[in-house]
Structure formats: structure tokens, C-alpha cells
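Student: Take a look at this one; I'll ask things after.
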Amino acid sequence: MFQVMLNLSITDYFQGIMMKKKYTGILLVYVAGACLLCGCRSKDTKPADIDVRNIDFGEAVAPDFTNELGGRDPLEGFNRSMLHVNKFGHRYLVRPVSGFWGSIFPRHIVGCFNRFTENIGFPKRMFSSFLQAEFKGGGIVFLRFLTNTTIGIAGFYDPASAWFDLEAQDEDFGQAFASWGIGPGAYLHLPVAGPTNIRDGVGLIFDAAFDPKTYFYGGQAFTALNKMTASYREVDTFMRSTADPYELSKRLYNVERYIKINNYDKRDKIKAEQQCIDEEYIEIIAASPEKAQTKNDNDLEHITVPGFNSQGTVVDTLRVAQFDIINDRESMWVDVSLWNSDFYNVASERSVKVIEDKPAMPYKVWFQKDNKHAPLAVVLPGTGAHYSGTELNALAEIFYDQGFTVVALSSSLNWQFMETAASVLVPGYIPRDAGDVRNAISKVINDLEKNRGCSFPAKVLAGYSMGGIQSIFIAEQEHGLCPTLRIGFDRYIAINPPVDLLDAVREIDKLALAWKRWERGEVFNNAAFAAGKFMRIARRKYEPFATPACGSDELLKQSVDLPFNPIEAEVLIGYSFKISLQEIILSIHRKRDFGFLKAPYSWGNRTDFYREIEQFTFMRYVETFLLKYYSDLENRELTLDELAARCDMRGKTELLKSMDNIYVLHTLDDFIVSNAERQWLADTFGKNCVFFQYGGHLGELYFMLFRDEIAARAHPVVKLAAERLRKLNIPVAVAPQK
């Protein structure tokens, strides 16, 4: 879900100053997207100066500010062309050069080079701080330079942060000009420089003039080379997984600039602003106590995680951003290096023809080393997610560690799957989508068996959220086929699946309206502030929240609270889903104009188009695109009730009760599932249904105990595969459960 933004800073990459960690996921283009839609104003005005008089907060589903966010974009055609130039250069120039450089110098050395060049460039940050009257910040920049130059051995290390807690000050002349009241002007996307605007473009000239590296031959090139080497993966994933990288990079650039100009990336500012927002939240709840979060009242057997302090269902949901690949950034070599051995990079990216008149569908596969007879695990993500997403790859790692060869597919609601493997134009109808996913899996298995010599003695299908309910529908479809036509999954594992898809959609739509609970003049500021906090925490790599083993002398750890109140969390989650919805509508519109959208759509002008689709909710999508399309397919008027019934697991109760190879892992406080639906899951799947007390929607993936539950459900399939191989006289060793 939070796949796209999880730390991506497109602007910084093109300027050679990228942040680190994972791409996201969401959360984020997806949590960043969240903030993008409700984050900032293109004029970079201070919060109190934002003019919201032209926004109809009563009727709007989302604040109508595509134009405000993106600024004036009269050169959109030119800008889009330049993005494709940069995309080509990134793939075919940056890739080989950075790959060569990263294969010579280990990750630690590349990091030292980056810190060294960053340290040399301190005058730009110091003088731009002074020009903003941020004298404390400018002083910190100078102190950091002195500390890192001396104790840090010419800046190769950063004791200023590690030992003296001197926070880095990411300032530039564009921010200084904005503090003087200079507007951004037209948006630009330039070769090499990437996203910018007139004001910040001029600021780049001053940044270069005040950077000593400019006056040394090759100084800036050396800086750019190391930055690109360290951050190739994030940008490459962004470019390949996003339906419209231009639009999203523009939004990301503008929200990031707003955050920096308002200092929402600084600890002191965050602390002061958080106090104001929390006080506002208390007032909102006091005025509308019925809006406060309520706990579930199910008396179901569940697992409690000692030491975890729940912050409520929606805030706990954001913990999914802390669900990381364990073996990531552990290699001594950078991602682009030939020698990198991190889990994310050891996978093979392949493609297979699923539908004859469509392009081949890409997918990702991790082969067990020297074992072509390993059992197979196929993992499916949530709504709109790409196979490169951090959460899906982290789930794949769990199965890989148990001894599986693992295949990761994009969501059937992801634009790439829609354009390569979908048999229909409009996704969202679960029976048909599940059939398309099943067909794609069949083609993938055939590809691996035929072209890689694999044989899979046992198979497991696992998915989370939308991928979870699709896994169960695929189980039902497999059950109805004769044995020779089945893929032959031995086990299905569904994580946080919705029970009634339309009920889940309605709950998601409610979250997307959470911004209306803020004061009008605070909407953009509060949303941008929440985005800035999320971007700050998303830069880190997280270990799973672990509980000491029984009998261990290790002290019980307490979870660290996330810096969000429930309204902020609702806004981020709601809009992360809406970004997925926008990409779905965009992909449909590229293929066929159904007449629901009135705004023009062209290469050089999509502003009005994006403004219009921002106002779509999931239910409006269902009632227009989905109902219309399937009514035409069936040559009759399909009703919403009929559609809902077909996408509700409860219509298959008796069959599902009879299938003992379906396992459901869920939480007691997932907002997309009602108490009655939780009870139905428990009654239907019995001992095969396990609940965790907290976690909201997928936040429990952060728990080591939950990872262990997934592994425990998967490992018997490994043993089953070994038994079948022994009967064929094929020697095999079964590793113990990890």
C-alpha cells in the first residue's frame, strides 16, 4: 500500500542529494502521494497565508488543488519530454557507470565519499540559512563543518550527528528566496537537474556558486556520481513502477519543497507544530466524541504482543511502513554493484506472455540456490502495489527463508498488470480479477518449468489485503476445476483480507474524508506536516518488533510511539488508497474513454484531468466504471447489490468451511473488517484463523511474532515437498523452520 514514497526524493536524486532507504511502497507513491494530494501550495507560502477561499470543502471529496500543488505548468509537453530524456539517461548511462563505480568501491567507501562532498558544500547551507534569518541553523552548519572536518577526518565521517547530536540543516538558496516572498514561477523539469521551478532553478545557480566543489575540476561530477551510485535503486523502481512518473515527481517535488521551506524536516519545528496539532485534535474529539476511535468488542481468541503499546487502529496501520526486508542494505556493496548480495537484489526479474495481444508481464523471482526442486511460494500484494514494493519483498523474504522459490506479482489493480495480464479493461471485480491472477501465475510457472528447468513438488499462495481475498477466491476457483487443470496449491495464506469488498471500500472512502475535520485554513499545512513526519521516519531501516524468548534474560522492550494523531493517520491512509485509484482510472482512460470524464487528456495538458479524477471515491468508481463495464459484458443492467454479493466471501461459506488448506491471519482492530465479519472468519476457518490483538490493517507485519506465524503456516509445505521428492528418489534436505 505505502509503496511509492517510503523515502523517495526525486528532486534530490537528480541534483545528487538523495535521501536513503526504501522506495514504498506506499507508503509511500503512496503515502507521499497522500500528502501530495493534501499537502502544500505551490507558492510555498507559510501556513497562515494559504488561501482556501476557492475550495468547496463541503462538497469536495479531496481538496481541489492539483493546480496549486503543481503550480503553473505551461511547459508540460516540454517537461514531459525532458523527464523521458532523464529516464533514458538514467537507465542507459547512469546504470553502467554507477554499476562500474559501485563494483570498485564498497558501500562504506561510497558513503564516505558522499559525506566528504556534503561536508565541503557547507557554505551553501550556511549562507542560505543566514539569508532566511535562521542564524541558529547557520551556526549549526558551521559547527558541523568544523566537527566533521577535524574529528570526522575531513568529513568522511559524521561525528557531529552521531556524537554531538547536531542536526543536519538541508538549506539552499531556493528556500531563502521563498522566505523573501518570491513565488516559484512555472514548474520545470530539466535535463540532469530534474524537477524544479523558475525560482529554485535560479537558486541552483547560487547554490553552485557558494559550493567550493564547483571550483575544482570534476568536483560536482564526482559528487553526482557517488550520489547516483548510492541511490540508483530508488529512482529506477520509481520510474518503472509508476503509471505517470512525471505527474508524481512534480507533486513529490512540490510537497518536499513546502516541507523544507516551512522547516517541517527540523526536530524543533516538528515538536512545536505537533503540540499545536495535538491540541487541535483534542478539541475536535471533545466537540465530536462520536468521532473518536472505538475498540472492537469481539471476544475472540487472539495473540497479544508483549511490550507493544497500541496507538489505535489507524495509527497502528502506519506500522506497515516499518515492515522491512531484514537482509537489506547489509551487503558491503551498493545496490547497483555486481557483487551486491542483499535479498532485494538477488532476485531475477523476468517477463512472460500472458495474453497474446498484450506486452509480456514482468515479475520477480527468487530462486533457491542449487535447488531446482524447491517448493514454490507465490505472493500477492495489496491494492495497486507493484512487485518491487518493499512490503511485498519483505513478505517474499519470509517464504524464501523457509526454503521456497518465491514469485512476486504486481496487484491486479496495478497499471502494469492491467496493461499486460488483465483480460478486462476495468479491474475491481474479484471473481474476474482472481481468475486473471490465477492465469498469470499459471503462465509464470510454465515459464519457470520450461525455461529454467524448475519443478515444484509443492506450492503455496499467499497474499495480503486485496491479495489476501484474491488468494481465497483463487482457492475456490481451483476447487471447482478438474485436477488436471489445477495449478495445485497445497496451501493458501490470506493476510488481513477484506470479507465484503464493498464494505471495505466504504471504510476506505471515509478515511479519505478525514481532512474535513481540520479547520479550513489548516488543511494543507497539517497534511504537509504529516507527510514530512512520515518521510522522516521512512528514511530509517527497521528491525521487526521482537519479544524476548521464554526463559531469556533479555529485557522486555517497549514499542516507540509513532508521531501521529488519528486524524493525521486517517488522512495519510485514505489518500494512499486514492493514489492507487487515480492510477487505475488513468490506466483505464488510456485504453478507452467511457465518457465519465469530461476534462481533456493529452500529452501536454493533464492538469484538469487530474483535478477531475481526484474527486473520485472508490464507491463512485464502482458505481460508474465497474457497474457500467460489467453490465455491458453481461448485456444487462447489473445492480450494485449483485456486484457486492459476488465480491463477498460469505457467499461461499459452506465451501470455505470444507477446505482445510486455507489459513487466515488477521487483527481484531482492522478497520476494513467489521466485528460481525471477524466472527464469520473465526466460525468459517476455525483453528486456521489466527487473530492478533492490535495492528490495524497490516500494521502487525511489524511484529516478529506475526512473521513467525506466517513462517509456521508455510513450513509444513516445505516438509510436504520433501516427502514427495523422496518418493521420487530425489534426495533433499529440509532446513529447520526459521
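For the C-alpha cells, the naming scheme is as follows: chains receive sequential letters (A, B, ...) according to their order of presentation, residues are indexed from 1 within each chain, and ligands are indexed from 1 in presentation order.
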For region 222-227 of chain A, list every protein, DNA or RNA residue within 12 Å, evaluated using only C-alpha atoms, and leave out those in the same chain fewer than 5 positions away; present the list as a PyMOL selection string.

Tutor: chain A and resi 12-20+90+93-102+104-121+192-193+211-214+216-217+232-235+334+336

Student: Given only C-alpha atoms, how would the per-residue table for region 173-250 of chain A near region 380-389 of chain A read, listing every residue at most 10 Å away with its closest atom pair and distance in Å to one decimal, sorted by chain and number, as CSV?

Tutor:
residue,atom,partner,partner_atom,distance
A:Thr237,CA,A:Ser388,CA,6.9
A:Phe238,CA,A:Ser388,CA,9.4
A:Arg240,CA,A:Ser388,CA,9.3
A:Ser241,CA,A:His386,CA,6.1
A:Thr242,CA,A:His386,CA,8.5

Student: For the alpha helix (DSSP H) assignment from backbone DSSP, which residues of region 567-635 of chain A qualify? Please present them as a PyMOL selection string.

Tutor: chain A and resi 567-591+607-613+618-621+627-634

Student: Residues within 12 Å of Val424 (chain A), please, as number ranges by chain. Count only C-alpha atoms; anything in the same chain fewer than 3 positions from it doesn't count.

Tutor: A: 355, 358, 412-413, 417-421, 427-437, 587-588, 591-592, 625-626, 629-630, 632-633
